[in-house]
Amino acid sequence: MPKSMRFLTPLAIFGVLVVLLFYGLHQDPHRVPSPLIGKPAPKFALPALDDPKVMISNADLKGRVSLVNVWATWCVSCRAEHEELMRLAKVDGVRILGLNYKDDRDDAKRWLQIYGNPYVANAFDADGRVGIDWGVYGTPETFLVDREGIIRYKQIGPIDQQVWEKTLRPLIDKLKEKT
Amino acid sequence: MIPELGHFALILALTLAIVQATVPLAGSFTGNRSWMAISRPLAYGQFTFVVIAFICLLQAFLTSDFSVAYVAENSNTLLPTVYKVSALWGAHEGSLLLWATLLGAWGAAVATFSHNLPQQVVSRVLAVMGMIGIGFLLFMLLTSNPFGRIFPAPPQGRDLNPLLQDPGLAVHPPMLYMGYVGFSVAFAFAIAALMGGKLDAAWARWSRPWTTVAWCFLTIGIALGSWWSYYELGWGGWWFWDPVENASFMPWLVGTALIHSLAVTEKRAAFKSWTVLLALFAFSLSLLGTFLVRSGVLTSVHAFATDPARGTFILAFLCVVIGGSLALYAWRAPQVSTGGGFDLLSRESFLLANNLLLTLFAALVLLGTLAPLIYEAMDWGKISVGFPWFNTMFLGLMPFLALLMGVGQLSRWKHDDTQRLTRELRIAFILSCILAVVAALPMFSDDHWYVPLGIGLAGWLVFSHLTGLRDHLKNKKGPAAWLADLRGGGRSYYAMLLAHLGVAVFIIGITMVSNFGIEEDIRMSPGATKTVAGYRFQFDGVTSTTGPNYQAQQGRVLVFRGDKQIAVLKPQKRKYVASRQVMTEAAINAGLRRDLYVSLGEAVGDHGDWAVRIYYKPYVRWIWLGGLLMALGGVLALTDRRYRTRAAGKPAKLPPALAAARS
C-alpha cells in the first residue's frame with residue numbers, strides 16, 4: 001500500500017462506520033418484525049419443568065389468550081421482568097406459559113421457589129431447539145398467542161409496566177373481546 | 001422569566017462560539033494578530049454565558065419550577081435537595097447542558113493556562129474548541145432545549161429516575177464528562193498541530209498535561225460508575241459490558257494509549273503521526289459514545305430518552321468532526337517526519353506494542369458493542385454479544401499487556417539488549433512464577449487456571465516495578481536524596497509506579513472476586529440463618545419504613561463471625577411515590593478483604609418469608625482501589641516540575657537517551 005493511502009485508512013474505516021450507524025438510526029431495536037406474527041405458533045412438545053413425564057404442547061395454548069414467556073435463570077433481564085410477570089399473573093389474571101430456555105432444571109425450579117411462580121406451566125427447552133423454531137434471539141422474549149393458537153405479538157426484552165399498559169394490555173383486551 | 005434568560009444565554013454562547021471558531025482561525029493563517037488575540041476573551045465569554053444558562057436551569061430545579069418541561073419530567077417537590085441539583089444532568093437535555101458547560105470550562109482553562117504558548121497555536125486550539133462548542137450548543141438549541149415550557153404547568157413533577165437518586169451517580173456524570181470533554185483539548189491541540197504541519201516535541205509537551213487531567217477524570221468517572229452499578233443495581237456485578245459502559249471504556253483505553261504515546265513523542269520525537277491519530281481517536285470515541293447512548297441505536301440497561309431526530313443530528317456532527325479531522329490527518333500526516341529511530345528492543349518498541357494492544361482492545365470493544373447492529377444490517381438475525389465474548393477478549397489481551405508493562409518500564413530508550421533485561425528481570429520473573437504456582441495449589445485454587453494467572457501477573461507487575469525502583473534509587477542513597485528526587489525530576493517516575501501498581505491491585509481484585517465470590521439466592525423465614533464463607537447471616541424479617549420520597553420494606557440481617565456479631569445489614573426494597581418504580585437498595589458491609597452484600601428479592605408466601613440474596617465478594621474493593629491508584633498516579637504526574645516551570649514556547653529539548661531512560 002502506498003504511503004499516502006495508509007493515512008486514508010482511518011477515514012475509510014470511519015466511512016463504513018457512518019453507513020452502519022446511519023442504517024442503525026432508522027431501525028427500532030425494540031421492534032423486530034417476527035415472521036411468525038399472524039401465523040399459528042410453531043408445533044412443539046416438551047417435558048414440563050417440574051415433571052419430565054408431563055408433556056406440554058400446542059394443546060396447552062388453545063382456548064385462552066396466553067403469553068408465552070421465554071426465560072432463563074442465567075438471564076439478568078428476566079430477573080428484572082419477573083416482578084412484573086408476578087403482578088400480571090396475580091393481579092391481572094394473565095395466563096402465562098413459560099418456556100424455560102437453555103437452562104438447568106434444578107436452577108430453574110429453585111428460581112421459581114424463591115421468586116414466585118407466575119406461570120401456569122413451564123416447558124423445559126434444554127437445548128433450545130423449540131426456541132429456534134419460535135425464532136427466539138435472546139431472553140426474555142414474550143409471545144402473545146390468541147385462543148386459536150395464533151401468534152399476535154412478540155415482545156423482545158423485558159416486560160415492564162409501560163410495555164404492559166401501552167402494548168400488551170390493549171392487545172389482550174381486544175383479543176378477549178373477539179369471542 | 002429566568003428560564004428564558006437561560007435560553008437567551010445559550011444563544012449568546014452559540015454566537016460567541018461561532019466567532020471563536022472562525023475569526024481567530026482566519027487570523028492564524030493571515031497573521032492578523034488582533035484577530036488571533038480575541039480567541040481568549042471569546043473563550044471566557046462563551047464559558048460565562050453557558051454558566052449563566054446552567055445557573056438558570058439550576059434555579060428552576062431548586063425552586064421546582066414545573067412550567068419548565070425538563071424540570072417537570074425529572075424533579076419532584078419531595079426530592080431531596082442534593083438530587084434536585086443532580087437531577088439537572090439526570091436526563092438528556094440537562095446532560096448536554098452539563099457537557100457544554102464543561103466544554104466552556106475547559107476552553108476557559110486553556111485560555112488561562114496557555115500564556116507561554118505561541119499565539120498562533122492558542123488561537124487555533126481555541127478555534128477548534130469553539131467548533132465543538134457550536135456543535136453542542138446547536139444540538140441543544142435545535143433538538144433538545146432544556147428550557148422549553150409547558151402550559152399549564154403540572155402541579156407536581158414526575159420525579160428523577162430512582163436509579164439515579166444516589167450519591168455515586170450524582171457525581172458520576174460530571175466526572176465522566178470532564179474526561180470526555182477533556183479529550184477535546186488533546187483533540188484541538190492535535191488539529192492545530194496538523195493545521196500548522198508542526199508536529200514536534202513541543203506539541204506533545206503542551207498536550208500532555210491536558211490529556212492526563214482528562215484521563216484522570218475519566219478513570220475516576222468509570223470507577224464511580226462501576227461502583228454505582230455494584231451497589232445500586234442489586235446484582236453485585238461491577239461491570240456489565242453494557243453499551244453505555246463500553247462508550248466510556250473505549251475512550252479510556254485509547255486515552256491510556258495516548259498518554260503513553262505522548263510521552264514517547266515528547267521525549268524521543270517518535271510515533272508522531274500515531275500519537276496524533278490516537279488524540280483524534282480518543283475524542284472521536286467520546287463523541288461516538290455520546291451518539292450510541294443518545295440516539296437509541298443500541299438498547300441498554302441504562303435507558304435514556306431516545307429520539308431519531310437527535311440521532312441524525314449527532315451523526316451529522318460526528319461526520320463533520322471525526323470525518324473532517326481524519327481527512328485533515330490523511331492530508332497532512334504523510335508530510336510528518338518520522339522522528340527518532342529506535343531498535344526493535346527498546347522502550348519505544350514496548351510502548352508501541354502496549355499501545356497497539358490497548359487500541360486493539362478498544363477496537364474489539366467497539367466491534368462487540370456494534371455487533372448487534374452489524375448483524376441486523378447484514379440480515380444475519382439479531383444477536384447480543386454478551387459477557388463471555390468481552391471477557392474472553394479481555395482475558396486474551398490483558399496478560400500480554402501486563403507482561404509488556406513489566407518489561408517496558410525497565411527498558412531503555414532507543415536501544416536495549418536482551419542480556420541486560422534478562423539479568424534485571426530474572427528474579428522478578430522467578431518470584432512471580434513461584435507466586436503463580438502457590439496460587440495454583442489445590443487449597444488456594446478451585447481448579448481454574450485464572451487464579452494462578454491473575455495472581456502471577458499481579459506479582460510480575462509488582463516485582464518488575466520494584467526491580468525498576470531499585471535501579472532508579474541506585475544513586476540516591478538515604479531518605480534525603482529520595483525526597484529530593486520525589487520533589488524534583490523523579491516525580492513522573494513515581495507517578496508511573498503508582499499508576500502501574502494500580503493495575504496490579506485491579507488485577508488482584510478481579511481475579512479474587514471472579515473466582516472466589518459466592519452468590520447465594522435463598523428463601524429465608526424470619527429467624528432463619530445461613531452460613532456463607534464462614535459468616536452466619538441471620539434474617540430478622542422485614543418491616544416497613546418511609547423515606548423522603550419513597551416507602552420501603554426494610555430487611556434486618558445480623559451477620560456473625562463465630563459468635564461475634566459484626567454487622568447489622570438493612571437492605572431495602574423501595575417504592576418511589578411519584579414514579580411508582582420499585583428499587584432494590586442493597587446493604588453492604590464493606591472491607592478491604594471482602595464485602596458482605598445482602599439484598600432483598602421478593603416476599604414469598606404469607607409468613608414473612610423473603611427471597612434474599614447474600615453475596616460474599618472477596619477483594620472487590622481492590623477493583624476500584626486500583627482505578628483510584630491509577631488516577632492518583634495521573635495527578636502526581638501533573639504536579640511534575642516540568643509543567644510548573646516550563647520554558648515559554650520553546651520546543652522541548654531532547655534529553656540524552658540515558659538520562660531519559662531514568663526519568
# chains A, B, ... in the order shown; residues from 1 in each chain; ligands from 1
>>> residues_around(residues="Glu84 (chain A)", least_positions_apart="6", cutoff="8 Å", atoms="only C-alpha atoms", output="ChimeraX atom specification")
/A:159-161
>>> residues_around(residues="Val70 (chain A)", least_positions_apart="3", cutoff="7 Å", atoms="only C-alpha atoms", output="list in words")
Gly98, Leu99, Asn100, Tyr101, Thr139, Pro140, Glu141 and Thr142 of chain A
>>> write_last_selection(atoms="N, CA and C atoms", output="short mmCIF file (atom, residue, chain, number, x, y, z; two decimals), in the first residue's frame")
data_model
loop_
_atom_site.label_atom_id
_atom_site.label_comp_id
_atom_site.auth_asym_id
_atom_site.auth_seq_id
_atom_site.Cartn_x
_atom_site.Cartn_y
_atom_site.Cartn_z
N GLY A 98 -44.64 -20.60 30.48
CA GLY A 98 -43.20 -20.34 30.43
C GLY A 98 -42.50 -21.27 29.46
N LEU A 99 -41.49 -20.74 28.78
CA LEU A 99 -40.59 -21.60 28.02
C LEU A 99 -39.21 -21.39 28.65
N ASN A 100 -38.84 -22.36 29.46
CA ASN A 100 -37.55 -22.26 30.15
C ASN A 100 -36.46 -22.69 29.17
N TYR A 101 -35.60 -21.72 28.82
CA TYR A 101 -34.78 -21.82 27.62
C TYR A 101 -33.32 -22.08 27.98
N THR A 139 -33.13 -13.92 25.56
CA THR A 139 -34.14 -13.87 26.61
C THR A 139 -34.11 -12.50 27.24
N PRO A 140 -35.16 -11.98 27.81
CA PRO A 140 -36.51 -12.55 27.72
C PRO A 140 -37.21 -12.11 26.44
N GLU A 141 -38.06 -13.00 25.94
CA GLU A 141 -38.95 -12.65 24.85
C GLU A 141 -40.33 -13.19 25.22
N THR A 142 -41.35 -12.50 24.77
CA THR A 142 -42.69 -12.93 25.13
C THR A 142 -43.59 -12.88 23.91
#
>>> residues_around(residues="region 55-67 of chain A", least_positions_apart="5", cutoff="8 Å", atoms="only C-alpha atoms", output="list in words")
Ala41, Lys43, Phe44, Ala45, Leu46, Pro47, Ala48, Val94, Arg95, Ile96, Leu97, Asn122, Ala123, Thr142, Phe143, Leu144, Val145, Asp146, Arg147, Glu148, Gly149, Ile172, Leu175 and Lys176 of chain A
>>> residues_around(residues="region 516-524 of chain B", least_positions_apart="2", cutoff="10 Å", atoms="only C-alpha atoms", output="ChimeraX atom specification")
/A:110-111,113-115 /B:235-236,444-446,451,510-514,526-533,538-541,594-604,608-620
>>> residues_around(residues="region 269-273 of chain B", least_positions_apart="4", cutoff="10 Å", atoms="only C-alpha atoms", output="MDAnalysis selection string")
(chainID A and resid 7) or (chainID B and resid 190 194 199:204 261:265 277:279 329 332:342 348 352 652 654)
>>> write_last_selection(atoms="C-alpha atoms", output="CSV table (one decimal), in the first residue's frame")
chain,number,residue,atom,x,y,z
A,7,PHE,CA,-3.1,7.6,6.1
B,190,ALA,CA,-3.7,17.7,17.5
B,194,LEU,CA,-2.0,19.2,11.8
B,199,LEU,CA,4.0,18.0,15.0
B,200,ASP,CA,7.0,18.3,17.2
B,201,ALA,CA,8.0,17.5,20.8
B,202,ALA,CA,6.7,20.9,21.9
B,203,TRP,CA,3.2,20.0,20.7
B,204,ALA,CA,3.4,16.7,22.7
B,261,SER,CA,2.4,7.7,23.2
B,262,LEU,CA,2.6,11.4,24.0
B,263,ALA,CA,5.5,10.5,26.4
B,264,VAL,CA,7.4,8.9,23.5
B,265,THR,CA,6.7,11.8,21.2
B,277,LEU,CA,-4.2,9.7,15.4
B,278,LEU,CA,-4.7,8.5,19.0
B,279,ALA,CA,-5.6,12.0,20.1
B,329,TYR,CA,-5.0,13.7,9.1
B,332,ARG,CA,-1.2,16.4,6.5
B,333,ALA,CA,0.2,13.4,8.3
B,334,PRO,CA,2.1,12.0,5.3
B,335,GLN,CA,4.4,15.1,5.5
B,336,VAL,CA,5.3,14.5,9.1
B,337,SER,CA,8.8,13.4,9.6
B,338,THR,CA,9.3,10.1,11.2
B,339,GLY,CA,11.4,11.3,14.1
B,340,GLY,CA,13.9,9.5,16.3
B,341,GLY,CA,14.7,6.0,15.2
B,342,PHE,CA,14.8,3.1,17.6
B,348,GLU,CA,9.8,2.7,22.2
B,352,LEU,CA,4.3,0.8,20.9
B,652,ALA,CA,11.4,20.8,24.4
B,654,LEU,CA,15.6,16.2,23.9
>>> select_by_dssp(residues="region 14-116 of chain A", states="strand (DSSP E or B)", output="compact mmCIF listing (two decimals) with N, CA and C atoms, in the first residue's frame")
# COMPACT_ATOMS: atom_id res chain seq x y z
N PRO A 40 -49.90 -19.52 12.97
CA PRO A 40 -50.04 -20.42 14.12
C PRO A 40 -48.69 -20.64 14.80
N ALA A 45 -43.54 -29.90 21.51
CA ALA A 45 -43.94 -30.81 22.58
C ALA A 45 -42.72 -30.98 23.46
N LEU A 46 -42.82 -30.51 24.68
CA LEU A 46 -41.65 -30.52 25.56
C LEU A 46 -42.05 -31.04 26.94
N PRO A 47 -41.11 -31.64 27.65
CA PRO A 47 -41.41 -32.04 29.03
C PRO A 47 -41.61 -30.81 29.91
N ALA A 48 -42.46 -30.94 30.91
CA ALA A 48 -42.68 -29.84 31.84
C ALA A 48 -41.47 -29.70 32.74
N MET A 55 -46.07 -33.81 29.39
CA MET A 55 -45.67 -33.10 28.18
C MET A 55 -46.51 -31.84 28.01
N ILE A 56 -45.82 -30.79 27.53
CA ILE A 56 -46.53 -29.54 27.26
C ILE A 56 -46.43 -29.28 25.76
N SER A 57 -47.55 -28.94 25.14
CA SER A 57 -47.54 -28.78 23.68
C SER A 57 -48.51 -27.69 23.26
N SER A 66 -53.04 -16.38 25.82
CA SER A 66 -51.92 -16.60 26.73
C SER A 66 -50.69 -15.81 26.29
N LEU A 67 -49.82 -15.62 27.25
CA LEU A 67 -48.49 -15.12 26.94
C LEU A 67 -47.54 -16.31 27.02
N VAL A 68 -46.64 -16.43 26.06
CA VAL A 68 -45.58 -17.42 26.17
C VAL A 68 -44.29 -16.66 26.45
N ASN A 69 -43.78 -16.86 27.65
CA ASN A 69 -42.62 -16.09 28.09
C ASN A 69 -41.36 -16.95 28.06
N VAL A 70 -40.38 -16.52 27.28
CA VAL A 70 -39.12 -17.26 27.19
C VAL A 70 -38.16 -16.70 28.23
N TRP A 71 -37.69 -17.56 29.12
CA TRP A 71 -36.85 -17.06 30.21
C TRP A 71 -35.77 -18.08 30.58
N ARG A 95 -52.78 -15.32 31.73
CA ARG A 95 -52.30 -16.70 31.67
C ARG A 95 -50.91 -16.70 31.02
N ILE A 96 -49.92 -17.08 31.78
CA ILE A 96 -48.55 -17.06 31.24
C ILE A 96 -48.00 -18.48 31.20
N LEU A 97 -47.58 -18.88 30.01
CA LEU A 97 -46.92 -20.16 29.85
C LEU A 97 -45.43 -19.88 29.72
N GLY A 98 -44.64 -20.60 30.48
CA GLY A 98 -43.20 -20.34 30.43
C GLY A 98 -42.50 -21.27 29.46
N LEU A 99 -41.49 -20.74 28.78
CA LEU A 99 -40.59 -21.60 28.02
C LEU A 99 -39.21 -21.39 28.65
N ASN A 100 -38.84 -22.36 29.46
CA ASN A 100 -37.55 -22.26 30.15
C ASN A 100 -36.46 -22.69 29.17
N TYR A 101 -35.60 -21.72 28.82
CA TYR A 101 -34.78 -21.82 27.62
C TYR A 101 -33.32 -22.08 27.98
>>> atom_distance(atom1="CA of Gly605 (chain B)", atom2="CA of Asp106 (chain A)")
20.4 Å
>>> closest_residue(among="A:Glu81, A:Asp51, A:Asp125, A:Asp103", to="chain B", atoms="only C-alpha atoms")
A:Glu81
>>> residues_around(residues="region 28-30 of chain B", least_positions_apart="2", cutoff="12 Å", atoms="only C-alpha atoms", output="JSON, numbers by chain")
{"B": [21, 22, 23, 24, 25, 26, 32, 33, 34, 35, 36, 37, 38, 39, 118, 119, 120, 121, 122, 123, 124, 125, 126, 127, 192, 195, 196]}
>>> write_last_selection(atoms="N, CA and C atoms", output="PDB file, in the first residue's frame")
ATOM      1  N   ALA B  21     -14.767  30.260  16.612  1.00  0.00           N
ATOM      2  CA  ALA B  21     -14.334  29.186  15.708  1.00  0.00           C
ATOM      3  C   ALA B  21     -13.805  29.721  14.392  1.00  0.00           C
ATOM      4  N   THR B  22     -14.130  30.967  14.056  1.00  0.00           N
ATOM      5  CA  THR B  22     -13.776  31.439  12.720  1.00  0.00           C
ATOM      6  C   THR B  22     -12.714  32.542  12.699  1.00  0.00           C
ATOM      7  N   VAL B  23     -12.989  33.621  13.420  1.00  0.00           N
ATOM      8  CA  VAL B  23     -12.103  34.793  13.284  1.00  0.00           C
ATOM      9  C   VAL B  23     -10.660  34.498  13.711  1.00  0.00           C
ATOM     10  N   PRO B  24     -10.429  33.935  14.932  1.00  0.00           N
ATOM     11  CA  PRO B  24      -9.036  33.671  15.309  1.00  0.00           C
ATOM     12  C   PRO B  24      -8.354  32.702  14.347  1.00  0.00           C
ATOM     13  N   LEU B  25      -9.136  31.759  13.812  1.00  0.00           N
ATOM     14  CA  LEU B  25      -8.562  30.784  12.884  1.00  0.00           C
ATOM     15  C   LEU B  25      -8.093  31.486  11.610  1.00  0.00           C
ATOM     16  N   ALA B  26      -8.966  32.343  11.093  1.00  0.00           N
ATOM     17  CA  ALA B  26      -8.589  33.114   9.908  1.00  0.00           C
ATOM     18  C   ALA B  26      -7.355  33.957  10.219  1.00  0.00           C
ATOM     19  N   ASN B  32      -2.917  37.908  11.188  1.00  0.00           N
ATOM     20  CA  ASN B  32      -3.546  39.074  11.795  1.00  0.00           C
ATOM     21  C   ASN B  32      -3.599  38.899  13.318  1.00  0.00           C
ATOM     22  N   ARG B  33      -2.747  39.635  14.026  1.00  0.00           N
ATOM     23  CA  ARG B  33      -2.586  39.419  15.464  1.00  0.00           C
ATOM     24  C   ARG B  33      -3.847  39.765  16.259  1.00  0.00           C
ATOM     25  N   SER B  34      -4.518  40.843  15.841  1.00  0.00           N
ATOM     26  CA  SER B  34      -5.679  41.231  16.643  1.00  0.00           C
ATOM     27  C   SER B  34      -6.825  40.234  16.477  1.00  0.00           C
ATOM     28  N   TRP B  35      -6.920  39.630  15.298  1.00  0.00           N
ATOM     29  CA  TRP B  35      -7.936  38.579  15.124  1.00  0.00           C
ATOM     30  C   TRP B  35      -7.627  37.383  16.013  1.00  0.00           C
ATOM     31  N   MET B  36      -6.338  37.052  16.068  1.00  0.00           N
ATOM     32  CA  MET B  36      -5.942  35.923  16.906  1.00  0.00           C
ATOM     33  C   MET B  36      -6.186  36.236  18.371  1.00  0.00           C
ATOM     34  N   ALA B  37      -5.943  37.495  18.737  1.00  0.00           N
ATOM     35  CA  ALA B  37      -5.977  37.860  20.157  1.00  0.00           C
ATOM     36  C   ALA B  37      -7.381  37.774  20.759  1.00  0.00           C
ATOM     37  N   ILE B  38      -8.419  37.806  19.929  1.00  0.00           N
ATOM     38  CA  ILE B  38      -9.756  37.769  20.531  1.00  0.00           C
ATOM     39  C   ILE B  38     -10.176  36.365  20.969  1.00  0.00           C
ATOM     40  N   SER B  39      -9.374  35.363  20.652  1.00  0.00           N
ATOM     41  CA  SER B  39      -9.812  33.999  20.983  1.00  0.00           C
ATOM     42  C   SER B  39      -9.976  33.824  22.494  1.00  0.00           C
ATOM     43  N   PRO B 118       2.689  29.905  21.810  1.00  0.00           N
ATOM     44  CA  PRO B 118       2.602  30.879  20.727  1.00  0.00           C
ATOM     45  C   PRO B 118       1.140  31.250  20.454  1.00  0.00           C
ATOM     46  N   GLN B 119       0.908  32.506  20.168  1.00  0.00           N
ATOM     47  CA  GLN B 119      -0.451  32.992  19.916  1.00  0.00           C
ATOM     48  C   GLN B 119      -1.164  32.191  18.832  1.00  0.00           C
ATOM     49  N   GLN B 120      -0.376  31.833  17.806  1.00  0.00           N
ATOM     50  CA  GLN B 120      -0.975  31.105  16.687  1.00  0.00           C
ATOM     51  C   GLN B 120      -1.570  29.770  17.139  1.00  0.00           C
ATOM     52  N   VAL B 121      -0.817  29.070  17.983  1.00  0.00           N
ATOM     53  CA  VAL B 121      -1.290  27.764  18.466  1.00  0.00           C
ATOM     54  C   VAL B 121      -2.543  27.948  19.309  1.00  0.00           C
ATOM     55  N   VAL B 122      -2.494  28.922  20.249  1.00  0.00           N
ATOM     56  CA  VAL B 122      -3.631  29.133  21.135  1.00  0.00           C
ATOM     57  C   VAL B 122      -4.886  29.448  20.332  1.00  0.00           C
ATOM     58  N   SER B 123      -4.753  30.330  19.344  1.00  0.00           N
ATOM     59  CA  SER B 123      -5.959  30.712  18.614  1.00  0.00           C
ATOM     60  C   SER B 123      -6.520  29.542  17.823  1.00  0.00           C
ATOM     61  N   ARG B 124      -5.645  28.691  17.323  1.00  0.00           N
ATOM     62  CA  ARG B 124      -6.154  27.526  16.581  1.00  0.00           C
ATOM     63  C   ARG B 124      -6.818  26.521  17.526  1.00  0.00           C
ATOM     64  N   VAL B 125      -6.162  26.272  18.665  1.00  0.00           N
ATOM     65  CA  VAL B 125      -6.735  25.322  19.628  1.00  0.00           C
ATOM     66  C   VAL B 125      -8.112  25.810  20.067  1.00  0.00           C
ATOM     67  N   LEU B 126      -8.198  27.103  20.425  1.00  0.00           N
ATOM     68  CA  LEU B 126      -9.477  27.624  20.898  1.00  0.00           C
ATOM     69  C   LEU B 126     -10.514  27.646  19.774  1.00  0.00           C
ATOM     70  N   ALA B 127     -10.052  27.842  18.544  1.00  0.00           N
ATOM     71  CA  ALA B 127     -10.996  27.815  17.422  1.00  0.00           C
ATOM     72  C   ALA B 127     -11.608  26.432  17.266  1.00  0.00           C
ATOM     73  N   ALA B 192      -4.760  21.530  15.688  1.00  0.00           N
ATOM     74  CA  ALA B 192      -3.947  22.732  15.489  1.00  0.00           C
ATOM     75  C   ALA B 192      -2.580  22.365  14.940  1.00  0.00           C
ATOM     76  N   MET B 195      -2.895  21.404  11.336  1.00  0.00           N
ATOM     77  CA  MET B 195      -3.081  22.598  10.507  1.00  0.00           C
ATOM     78  C   MET B 195      -1.754  23.265  10.217  1.00  0.00           C
ATOM     79  N   GLY B 196      -0.973  23.391  11.274  1.00  0.00           N
ATOM     80  CA  GLY B 196       0.294  24.091  11.118  1.00  0.00           C
ATOM     81  C   GLY B 196       1.374  23.211  10.527  1.00  0.00           C
TER      82      GLY B 196
END
>>> atom_distance(atom1="CA of Gly534 (chain B)", atom2="CA of Gly591 (chain B)")
15.2 Å
>>> closest_residue(among="A:Leu171, A:Leu20, A:Ala89, A:Leu49", to="Ala377 (chain B)", atoms="only C-alpha atoms")
A:Leu20
>>> closest_residue(among="B:Tyr177, B:Trp89, B:Phe317, B:Phe61", to="chain A", atoms="only C-alpha atoms")
B:Phe317
>>> select_by_dssp(residues="region 46-123 of chain A", states="helix (DSSP H, G or I)", output="ChimeraX atom specification")
/A:58-61,76-90,105-115
>>> atom_distance(atom1="CA of Ala100 (chain B)", atom2="CA of Ile134 (chain B)")
9.4 Å
>>> closest_residue(among="B:Ala170, B:Leu410, B:Leu102, B:Val50", to="Ser86 (chain B)", atoms="only C-alpha atoms")
B:Ala170
>>> residues_around(residues="Val635 (chain B)", least_positions_apart="6", cutoff="12 Å", atoms="only C-alpha atoms", output="list in words")
Pro209, Trp210, Thr211, Thr212, Val213, Ala214, Trp215, Cys216, Phe217, Thr219, Ile220, Arg491, Ser492, Tyr494, Ala495, Met496, Leu498, Ala499, Leu628 and Leu629 of chain B
